[in-house]
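J.: Input structure: final_15.cif, which contains mmCIF, C-alpha atoms.
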data_input
#
loop_
_atom_site.label_atom_id
_atom_site.label_comp_id
_atom_site.auth_asym_id
_atom_site.auth_seq_id
_atom_site.Cartn_x
_atom_site.Cartn_y
_atom_site.Cartn_z
CA MET A 1051 -7.57 -12.02 -43.89
CA GLU A 1052 -10.99 -12.99 -42.62
CA ILE A 1053 -11.71 -16.59 -41.73
CA GLU A 1054 -15.17 -18.04 -41.47
CA ASN A 1055 -16.35 -21.59 -41.13
CA VAL A 1056 -19.62 -22.65 -42.66
CA GLY A 1057 -20.41 -26.24 -41.76
CA ASP A 1058 -17.34 -28.25 -42.63
CA VAL A 1059 -15.97 -25.62 -45.03
CA LEU A 1060 -13.35 -23.10 -43.95
CA VAL A 1061 -13.52 -19.91 -46.01
CA ALA A 1062 -10.45 -17.66 -46.02
CA GLU A 1063 -10.96 -14.23 -47.54
CA LEU A 1064 -7.57 -12.79 -48.47
CA HIS A 1065 -6.89 -9.10 -48.96
CA GLY A 1066 -4.39 -6.94 -50.84
CA GLU A 1067 -0.95 -8.10 -51.90
CA ILE A 1068 0.08 -11.60 -50.83
CA ASP A 1069 3.85 -11.91 -50.70
CA LEU A 1070 6.70 -12.59 -48.27
CA LYS A 1071 5.53 -9.82 -45.96
CA VAL A 1072 2.28 -11.57 -45.03
CA SER A 1073 2.95 -15.22 -45.85
CA ASP A 1074 4.10 -16.35 -42.38
CA MET A 1075 1.15 -14.68 -40.70
CA LEU A 1076 -1.31 -16.24 -43.17
CA ARG A 1077 0.24 -19.69 -42.84
CA GLU A 1078 0.07 -19.60 -39.04
CA ALA A 1079 -3.48 -18.24 -38.92
CA LEU A 1080 -4.74 -20.82 -41.42
CA ASP A 1081 -3.00 -23.70 -39.67
CA ARG A 1082 -4.49 -22.61 -36.34
CA ALA A 1083 -7.97 -22.43 -37.86
CA LEU A 1084 -7.59 -25.83 -39.57
CA GLU A 1085 -6.55 -27.39 -36.27
CA ARG A 1086 -9.12 -25.69 -34.09
CA LEU A 1087 -12.24 -25.88 -36.26
CA PRO A 1088 -14.09 -29.04 -37.32
CA VAL A 1089 -13.62 -28.36 -41.02
CA ARG A 1090 -12.86 -30.62 -43.95
CA HIS A 1091 -12.73 -28.38 -47.03
CA LEU A 1092 -11.00 -25.09 -47.67
CA VAL A 1093 -12.11 -22.19 -49.87
CA PHE A 1094 -9.92 -19.21 -50.71
CA ASP A 1095 -11.80 -16.08 -51.70
CA PHE A 1096 -9.35 -13.98 -53.75
CA GLY A 1097 -11.90 -11.23 -54.52
CA ALA A 1098 -9.90 -8.56 -52.67
CA VAL A 1099 -6.45 -9.82 -53.72
CA THR A 1100 -4.61 -7.48 -56.08
CA PHE A 1101 -1.33 -9.39 -56.28
CA ILE A 1102 0.05 -12.80 -55.28
CA ASP A 1103 3.52 -14.22 -55.91
CA SER A 1104 4.98 -17.70 -55.54
CA THR A 1105 5.57 -17.18 -51.81
CA GLY A 1106 1.83 -16.56 -51.35
CA LEU A 1107 0.94 -19.46 -53.65
CA GLY A 1108 3.17 -21.69 -51.50
CA VAL A 1109 0.92 -20.94 -48.52
CA VAL A 1110 -2.16 -21.89 -50.56
CA LEU A 1111 -0.58 -25.11 -51.81
CA GLY A 1112 0.73 -26.07 -48.36
CA ARG A 1113 -2.77 -25.70 -46.85
CA TYR A 1114 -4.22 -27.71 -49.75
CA LYS A 1115 -1.85 -30.56 -48.89
CA LYS A 1116 -3.05 -30.54 -45.28
CA VAL A 1117 -6.71 -30.52 -46.23
CA ALA A 1118 -6.30 -33.09 -49.02
CA GLY A 1119 -4.40 -35.38 -46.66
CA ALA A 1120 -7.59 -35.60 -44.59
CA GLY A 1121 -9.83 -36.16 -47.62
CA GLY A 1122 -10.85 -32.52 -48.09
CA LYS A 1123 -11.06 -30.40 -51.21
CA LEU A 1124 -9.83 -26.96 -52.19
CA GLY A 1125 -12.06 -24.31 -53.79
CA VAL A 1126 -11.12 -20.88 -55.10
CA THR A 1127 -13.25 -17.91 -56.06
CA GLY A 1128 -12.98 -14.22 -56.94
CA LEU A 1129 -10.00 -14.51 -59.32
CA ARG A 1130 -9.09 -11.38 -61.27
CA PRO A 1131 -7.14 -12.12 -64.50
CA SER A 1132 -3.66 -11.51 -63.04
CA VAL A 1133 -4.41 -13.75 -60.04
CA ARG A 1134 -5.95 -16.46 -62.22
CA ARG A 1135 -2.85 -16.46 -64.40
CA VAL A 1136 -0.44 -17.22 -61.54
CA LEU A 1137 -2.80 -19.80 -60.06
CA GLU A 1138 -2.76 -21.49 -63.47
CA LEU A 1139 1.03 -21.24 -63.81
CA SER A 1140 1.54 -22.73 -60.36
CA GLY A 1141 -0.73 -25.70 -61.11
CA ILE A 1142 -3.13 -24.78 -58.32
CA LEU A 1143 -6.04 -24.51 -60.77
CA ARG A 1144 -5.47 -28.16 -61.66
CA ILE A 1145 -6.03 -29.30 -58.08
CA ALA A 1146 -8.59 -26.73 -56.95
CA ARG A 1147 -12.08 -26.16 -58.27
CA GLU A 1148 -13.01 -22.62 -59.23
CA TYR A 1149 -16.44 -21.32 -58.25
CA ASN A 1150 -18.35 -18.22 -59.34
CA SER A 1151 -18.99 -17.14 -55.78
CA ARG A 1152 -18.19 -17.95 -52.23
CA ALA A 1153 -21.75 -19.12 -51.62
CA GLU A 1154 -21.53 -21.50 -54.58
CA ALA A 1155 -18.22 -22.90 -53.30
CA VAL A 1156 -19.62 -23.46 -49.83
CA ARG A 1157 -22.77 -25.09 -51.23
CA ALA A 1158 -20.84 -27.39 -53.56
CA LEU A 1159 -18.16 -28.46 -51.10
CA GLY A 1160 -20.40 -28.55 -48.06
CA GLY A 1161 -22.80 -30.82 -49.92
CA GLY A 1162 -25.69 -28.36 -49.66
CA ALA A 1163 -26.20 -29.05 -45.97
CA ALA A 1164 -24.65 -25.84 -44.84
CA ASP A 1165 -25.76 -22.66 -46.51
CA ALA A 1166 -24.43 -19.29 -45.36
CA MET B 1289 18.83 4.78 -72.56
CA LEU B 1290 15.82 6.79 -71.44
CA ASN B 1291 16.09 6.63 -67.69
CA ARG B 1292 17.60 4.63 -64.86
CA PHE B 1293 17.29 4.15 -61.12
CA ARG B 1294 19.03 2.34 -58.30
CA LEU B 1295 17.36 1.35 -55.06
CA GLU B 1296 18.92 -0.41 -52.10
CA PHE B 1297 17.25 -1.64 -48.97
CA PRO B 1298 17.70 -4.17 -46.16
CA GLY B 1299 16.26 -7.61 -46.85
CA ARG B 1300 13.11 -7.16 -44.81
CA PRO B 1301 9.92 -8.83 -46.06
CA ASP B 1302 8.12 -5.44 -46.26
CA ASN B 1303 10.62 -4.34 -48.88
CA VAL B 1304 9.46 -6.90 -51.46
CA GLY B 1305 6.42 -4.66 -52.00
CA LEU B 1306 8.56 -1.53 -52.03
CA ALA B 1307 10.73 -2.98 -54.81
CA ARG B 1308 7.69 -4.13 -56.77
CA VAL B 1309 5.89 -0.78 -56.75
CA THR B 1310 9.09 1.17 -57.38
CA VAL B 1311 9.90 -0.82 -60.51
CA ALA B 1312 6.27 -0.65 -61.67
CA ALA B 1313 6.19 3.16 -61.24
CA PHE B 1314 9.48 3.41 -63.13
CA ALA B 1315 8.25 1.19 -65.98
CA ALA B 1316 4.99 3.15 -66.16
CA GLN B 1317 6.97 6.07 -67.63
CA VAL B 1318 6.86 4.38 -71.05
CA ASP B 1319 3.16 3.55 -70.81
CA PRO B 1320 3.25 -0.26 -70.85
CA THR B 1321 0.06 -2.33 -70.88
CA LEU B 1322 -1.48 -3.38 -67.57
CA GLU B 1323 -0.46 -6.95 -68.27
CA GLU B 1324 3.15 -5.93 -68.88
CA LEU B 1325 3.14 -4.07 -65.57
CA GLU B 1326 1.71 -7.10 -63.77
CA ASP B 1327 4.45 -9.26 -65.31
CA ILE B 1328 7.17 -6.87 -64.16
CA LYS B 1329 5.74 -6.70 -60.63
CA GLY B 1330 5.59 -10.49 -60.50
CA ALA B 1331 9.17 -10.94 -61.72
CA VAL B 1332 10.58 -8.36 -59.27
CA SER B 1333 8.69 -9.93 -56.40
CA GLU B 1334 10.18 -13.35 -57.15
CA ALA B 1335 13.73 -12.07 -57.56
CA VAL B 1336 13.68 -9.95 -54.39
CA ALA B 1337 12.01 -12.71 -52.33
CA ASN B 1338 14.75 -15.11 -53.53
CA ALA B 1339 17.46 -12.64 -52.47
CA ILE B 1340 15.95 -12.32 -48.99
CA ILE B 1341 15.04 -15.97 -48.40
CA HIS B 1342 17.91 -17.75 -50.11
CA GLY B 1343 20.65 -15.13 -50.47
CA TYR B 1344 20.38 -13.79 -46.94
CA GLU B 1345 18.47 -16.70 -45.33
CA ASN B 1346 15.94 -14.20 -43.94
CA SER B 1347 18.54 -12.13 -42.13
CA PRO B 1348 17.33 -8.51 -42.45
CA GLU B 1349 20.86 -7.08 -42.33
CA GLY B 1350 21.65 -8.06 -45.91
CA ILE B 1351 21.32 -5.33 -48.51
CA VAL B 1352 19.38 -5.97 -51.72
CA VAL B 1353 20.10 -3.72 -54.69
CA VAL B 1354 17.52 -3.25 -57.43
CA GLU B 1355 18.39 -1.32 -60.56
CA GLY B 1356 16.31 -0.54 -63.59
CA ILE B 1357 17.21 0.77 -67.02
CA LEU B 1358 14.47 1.96 -69.29
CA TYR B 1359 14.88 2.07 -73.04
CA GLY B 1360 12.14 3.37 -75.30
CA ASP B 1361 10.67 -0.06 -75.85
CA ALA B 1362 12.24 -2.28 -73.18
CA ILE B 1363 13.20 -2.50 -69.54
CA GLU B 1364 16.17 -4.17 -67.92
CA ILE B 1365 15.99 -5.00 -64.21
CA PHE B 1366 18.90 -6.08 -62.01
CA VAL B 1367 18.39 -7.64 -58.58
CA GLU B 1368 21.52 -8.27 -56.60
CA ASP B 1369 22.44 -9.62 -53.17
CA THR B 1370 25.79 -10.31 -51.54
CA GLY B 1371 24.47 -13.34 -49.67
CA LYS B 1372 25.40 -16.97 -49.73
CA GLY B 1373 25.08 -17.53 -53.47
CA MET B 1374 24.33 -20.81 -55.22
CA GLU B 1375 26.51 -23.77 -56.17
CA ASN B 1376 24.31 -24.85 -58.99
CA VAL B 1377 22.39 -22.13 -60.81
CA ALA B 1378 21.01 -24.50 -63.46
CA GLN B 1379 19.46 -26.73 -60.80
CA ALA B 1380 18.02 -23.77 -58.88
CA MET B 1381 16.35 -22.56 -62.06
CA GLU B 1382 14.59 -25.84 -62.73
CA PRO B 1383 10.83 -25.63 -62.15
CA GLU B 1384 9.79 -27.02 -58.80
CA TYR B 1385 13.29 -27.25 -57.45
CA SER B 1386 12.99 -25.92 -53.91
CA SER B 1387 15.19 -26.06 -50.86
CA ASP B 1388 12.14 -25.52 -48.63
CA PRO B 1389 9.02 -27.72 -48.59
CA GLU B 1390 6.77 -24.72 -47.89
CA ARG B 1391 7.90 -23.07 -51.10
CA LEU B 1392 6.89 -23.93 -54.61
CA GLY B 1393 10.26 -23.66 -56.30
CA LEU B 1394 8.62 -21.61 -59.03
CA GLY B 1395 10.46 -18.34 -58.50
CA PHE B 1396 12.77 -18.60 -61.52
CA SER B 1397 10.10 -20.26 -63.60
CA PHE B 1398 7.76 -17.30 -62.93
CA MET B 1399 10.53 -14.80 -63.78
CA GLN B 1400 11.11 -16.60 -67.08
CA THR B 1401 7.40 -16.59 -67.88
CA PHE B 1402 6.94 -12.91 -67.04
CA MET B 1403 10.07 -11.57 -68.75
CA ASP B 1404 11.65 -12.14 -72.17
CA SER B 1405 15.01 -13.12 -70.77
CA VAL B 1406 16.41 -13.95 -67.35
CA SER B 1407 20.04 -14.62 -66.56
CA VAL B 1408 21.54 -15.46 -63.21
CA ASP B 1409 25.09 -15.07 -62.09
CA SER B 1410 25.90 -16.56 -58.70
CA LYS B 1411 28.96 -17.51 -56.74
CA PRO B 1412 28.86 -19.38 -53.44
CA GLY B 1413 29.82 -17.05 -50.60
CA HIS B 1414 29.62 -13.95 -52.80
CA GLY B 1415 26.01 -13.51 -53.83
CA THR B 1416 23.65 -13.58 -56.75
CA ARG B 1417 22.79 -11.17 -59.53
CA VAL B 1418 19.66 -11.63 -61.62
CA VAL B 1419 19.31 -9.72 -64.88
CA MET B 1420 15.87 -9.63 -66.51
CA ARG B 1421 14.75 -7.96 -69.68
CA LYS B 1422 11.33 -7.31 -71.11
CA GLN B 1423 10.43 -5.86 -74.46
CA PHE B 1424 7.23 -3.83 -74.51
CA ALA B 1425 4.67 -4.43 -77.21
CA SER B 1426 4.81 -1.78 -79.89
CA ARG B 1427 2.42 1.08 -79.17
CA HIS B 1428 2.52 2.45 -82.70
#
Please lay out the structure from this file as structure tokens.
T.:
Amino acid sequence: MEIENVGDVLVAELHGEIDLKVSDMLREALDRALERLPVRHLVFDFGAVTFIDSTGLGVVLGRYKKVAGAGGKLGVTGLRPSVRRVLELSGILRIAREYNSRAEAVRALGGGAADA
Amino acid sequence: MLNRFRLEFPGRPDNVGLARVTVAAFAAQVDPTLEELEDIKGAVSEAVANAIIHGYENSPEGIVVVEGILYGDAIEIFVEDTGKGMENVAQAMEPEYSSDPERLGLGFSFMQTFMDSVSVDSKPGHGTRVVMRKQFASRH
């Protein structure tokens, strides 16, 4: 995973297969970043994700709850059909906004003030 | 029956992926669609993660057994643990029932969406056996 913050948006680029093997590591790394960085919104870039199961989706939803609790929003981008399907099934697409690109997500959530 | 396999491994998180790709490679022998393969990988991932997290409470000593039977037009997958089992299978299978706030409680719901049938046999103190079946779309 690569984490980048652009203005008040934290962008997490996930890679490969997201399941029980990597979920603890992702959760801890994201929680550390959310605590340490002055960010409000969270964007997950799934462009390099080939598989995600409900364990991985639990990490996404748990971070959404943290961000939303502080008034932030969740954006997602880069969804291949199989990833979009499970995001839909889990209800995450009802609470997150989907963007065509990472740059668009950062622009929209960051209010245009912070452009990569 | 066309073919069958049996795989057993300790309940380590790395082995969720092993089970998923093994079953997918096995199912690929009858040339399913990509979507069918994705469904099977998703269902296996959920069942094996449940065995490790709930059956064995993340203890890597527990052994998970995955078996597959391939028919010409269908696959049957068995995922079994000898862990703590469940008192109430019906409740565990309800969408969004979860014993852990960090988890969605969608494991069984995903299995049911991805496969044509899912049945669960569980006994407290003895373990859990999940049987899933998927019919492949006709290729003729």
J.: Could you please determine the separation between CA of Gly1161 (chain A) and CA of His1091 (chain A) in Å, to one decimal place?
T.: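 Atom-to-atom, CA of Gly1161 (chain A) and CA of His1091 (chain A) are spaced 10.8 Å apart.
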J.: Tell me, as a list in words, which residues lie within 9 Å of Arg1077 (chain A), counting all atoms listed in the file; anything in the same chain fewer than 3 positions away does not count.
T.: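 Residues meeting the cut-off are Val1072, Ser1073, Asp1074, Leu1080, Asp1081, Arg1082, Val1109, Val1110, Gly1112 and Arg1113 of chain A.
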J.: May I have the residues from that selection written out with C-alpha atoms, as an mmCIF file, keeping the file's coordinate frame?
T.:
data_model
loop_
_atom_site.group_PDB
_atom_site.id
_atom_site.type_symbol
_atom_site.label_atom_id
_atom_site.label_comp_id
_atom_site.auth_asym_id
_atom_site.auth_seq_id
_atom_site.Cartn_x
_atom_site.Cartn_y
_atom_site.Cartn_z
ATOM 1 C CA VAL A 1072 2.280 -11.570 -45.030
ATOM 2 C CA SER A 1073 2.950 -15.220 -45.850
ATOM 3 C CA ASP A 1074 4.100 -16.350 -42.380
ATOM 4 C CA LEU A 1080 -4.740 -20.820 -41.420
ATOM 5 C CA ASP A 1081 -3.000 -23.700 -39.670
ATOM 6 C CA ARG A 1082 -4.490 -22.610 -36.340
ATOM 7 C CA VAL A 1109 0.920 -20.940 -48.520
ATOM 8 C CA VAL A 1110 -2.160 -21.890 -50.560
ATOM 9 C CA GLY A 1112 0.730 -26.070 -48.360
ATOM 10 C CA ARG A 1113 -2.770 -25.700 -46.850
#
J.: Decode the PyMOL selection byres ((chain B) within 10 of (chain A)) for the given file into explicit residues and return them as a ChimeraX atom specification.
T.: /B:1300-1305,1322-1323,1326-1327,1329-1334,1336-1338,1340-1341,1383-1384,1389-1398,1401
J.: Report the residues retrieved by the PyMOL selection byres ((chain A and resi 1090) around 8) from the displayed file, expressed as a compact mmCIF listing (two decimals) with C-alpha atoms, in the coordinates of the input.
T.:
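What follows is the written file result.txt:
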# COMPACT_ATOMS: atom_id res chain seq x y z
CA ASP A 1058 -17.34 -28.25 -42.63
CA VAL A 1059 -15.97 -25.62 -45.03
CA LEU A 1060 -13.35 -23.10 -43.95
CA PRO A 1088 -14.09 -29.04 -37.32
CA VAL A 1089 -13.62 -28.36 -41.02
CA HIS A 1091 -12.73 -28.38 -47.03
CA LEU A 1092 -11.00 -25.09 -47.67
CA VAL A 1117 -6.71 -30.52 -46.23
CA ALA A 1120 -7.59 -35.60 -44.59
CA GLY A 1121 -9.83 -36.16 -47.62
CA GLY A 1122 -10.85 -32.52 -48.09
CA LYS A 1123 -11.06 -30.40 -51.21
J.: Between CA of Val1093 (chain A) and CA of Ala1062 (chain A), what is the spacing in Å?
T.: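 Interatomic distance, CA of Ala1062 (chain A) to CA of Val1093 (chain A): 6.2 Å.
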J.: Could you name the residues that touch Val1352 (chain B) at 8 Å or less, counting only C-alpha atoms, but leaving out those on the same chain fewer than 2 positions away, as a list in words?
T.: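 Residues near the query, excluding close chain neighbours: Glu1296, Phe1297, Pro1298, Gly1299, Val1336, Ala1339, Ile1340, Gly1350, Val1354, Val1367, Glu1368, Asp1369 and Thr1370 of chain B.
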J.: Applied to this file, what does the PyMOL selection byres ((chain A and resi 1128) around 10) return in terms of residues, put as JSON, numbers by chain?
T.: {"A": [1063, 1094, 1095, 1096, 1097, 1098, 1099, 1126, 1127, 1129, 1130, 1131, 1133, 1134, 1148, 1149, 1150, 1151, 1152]}
J.: Find the distance between CA of Glu1345 (chain B) and CA of Gly1119 (chain A) and write it in Å to one decimal.
T.: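 For CA of Glu1345 (chain B) relative to CA of Gly1119 (chain A), the distance reads 29.6 Å.
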J.: Quick one: of B:Leu1306, B:Val1406, B:Ile1365, B:Glu1382, who's nearest to Ile1328 (chain B), counting all atoms listed in the file?
T.: B:Ile1365
J.: Neighbouring residues of Ala1315 (chain B) were defined as those with any atom within 12 Å, considering all atoms listed in the file; residues of the same chain fewer than 3 positions away were excluded. Please report them as number ranges by chain.
T.: B: 1290-1293, 1308-1312, 1318-1322, 1324-1329, 1332, 1355-1365, 1421-1424
J.: Neighbours of region 1374-1377 of chain B within 6 Å (all atoms listed in the file; same-chain residues fewer than 4 positions away dropped), as a list in words?
T.: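 My reading of the contact set: Ser1410, Lys1411 and Pro1412 of chain B.
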J.: Go ahead and save the residues from that selection, with C-alpha atoms, as a compact mmCIF listing (two decimals), in the coordinates of the input.
T.:
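Contents of result-v6.txt, as written:
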# COMPACT_ATOMS: atom_id res chain seq x y z
CA SER B 1410 25.90 -16.56 -58.70
CA LYS B 1411 28.96 -17.51 -56.74
CA PRO B 1412 28.86 -19.38 -53.44
J.: Just checking: using all atoms listed in the file, which residue out of B:Gly1415, B:Ala1380, B:Met1289, B:Asp1388 ends up closest to Ile1351 (chain B)?
T.: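 Looking only at the distances to Ile1351 (chain B), the closest residue turns out to be B:Gly1415.
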J.: Using all atoms of region 1353-1365 of chain B listed in the file and a margin of 5 Å per side, can you give the axis-aligned box centre and edge lengths in Å to one decimal, as lines of an AutoDock Vina configuration file?
T.:
center_x = 15.4
center_y = -0.8
center_z = -65.3
size_x = 19.4
size_y = 18.4
size_z = 31.2
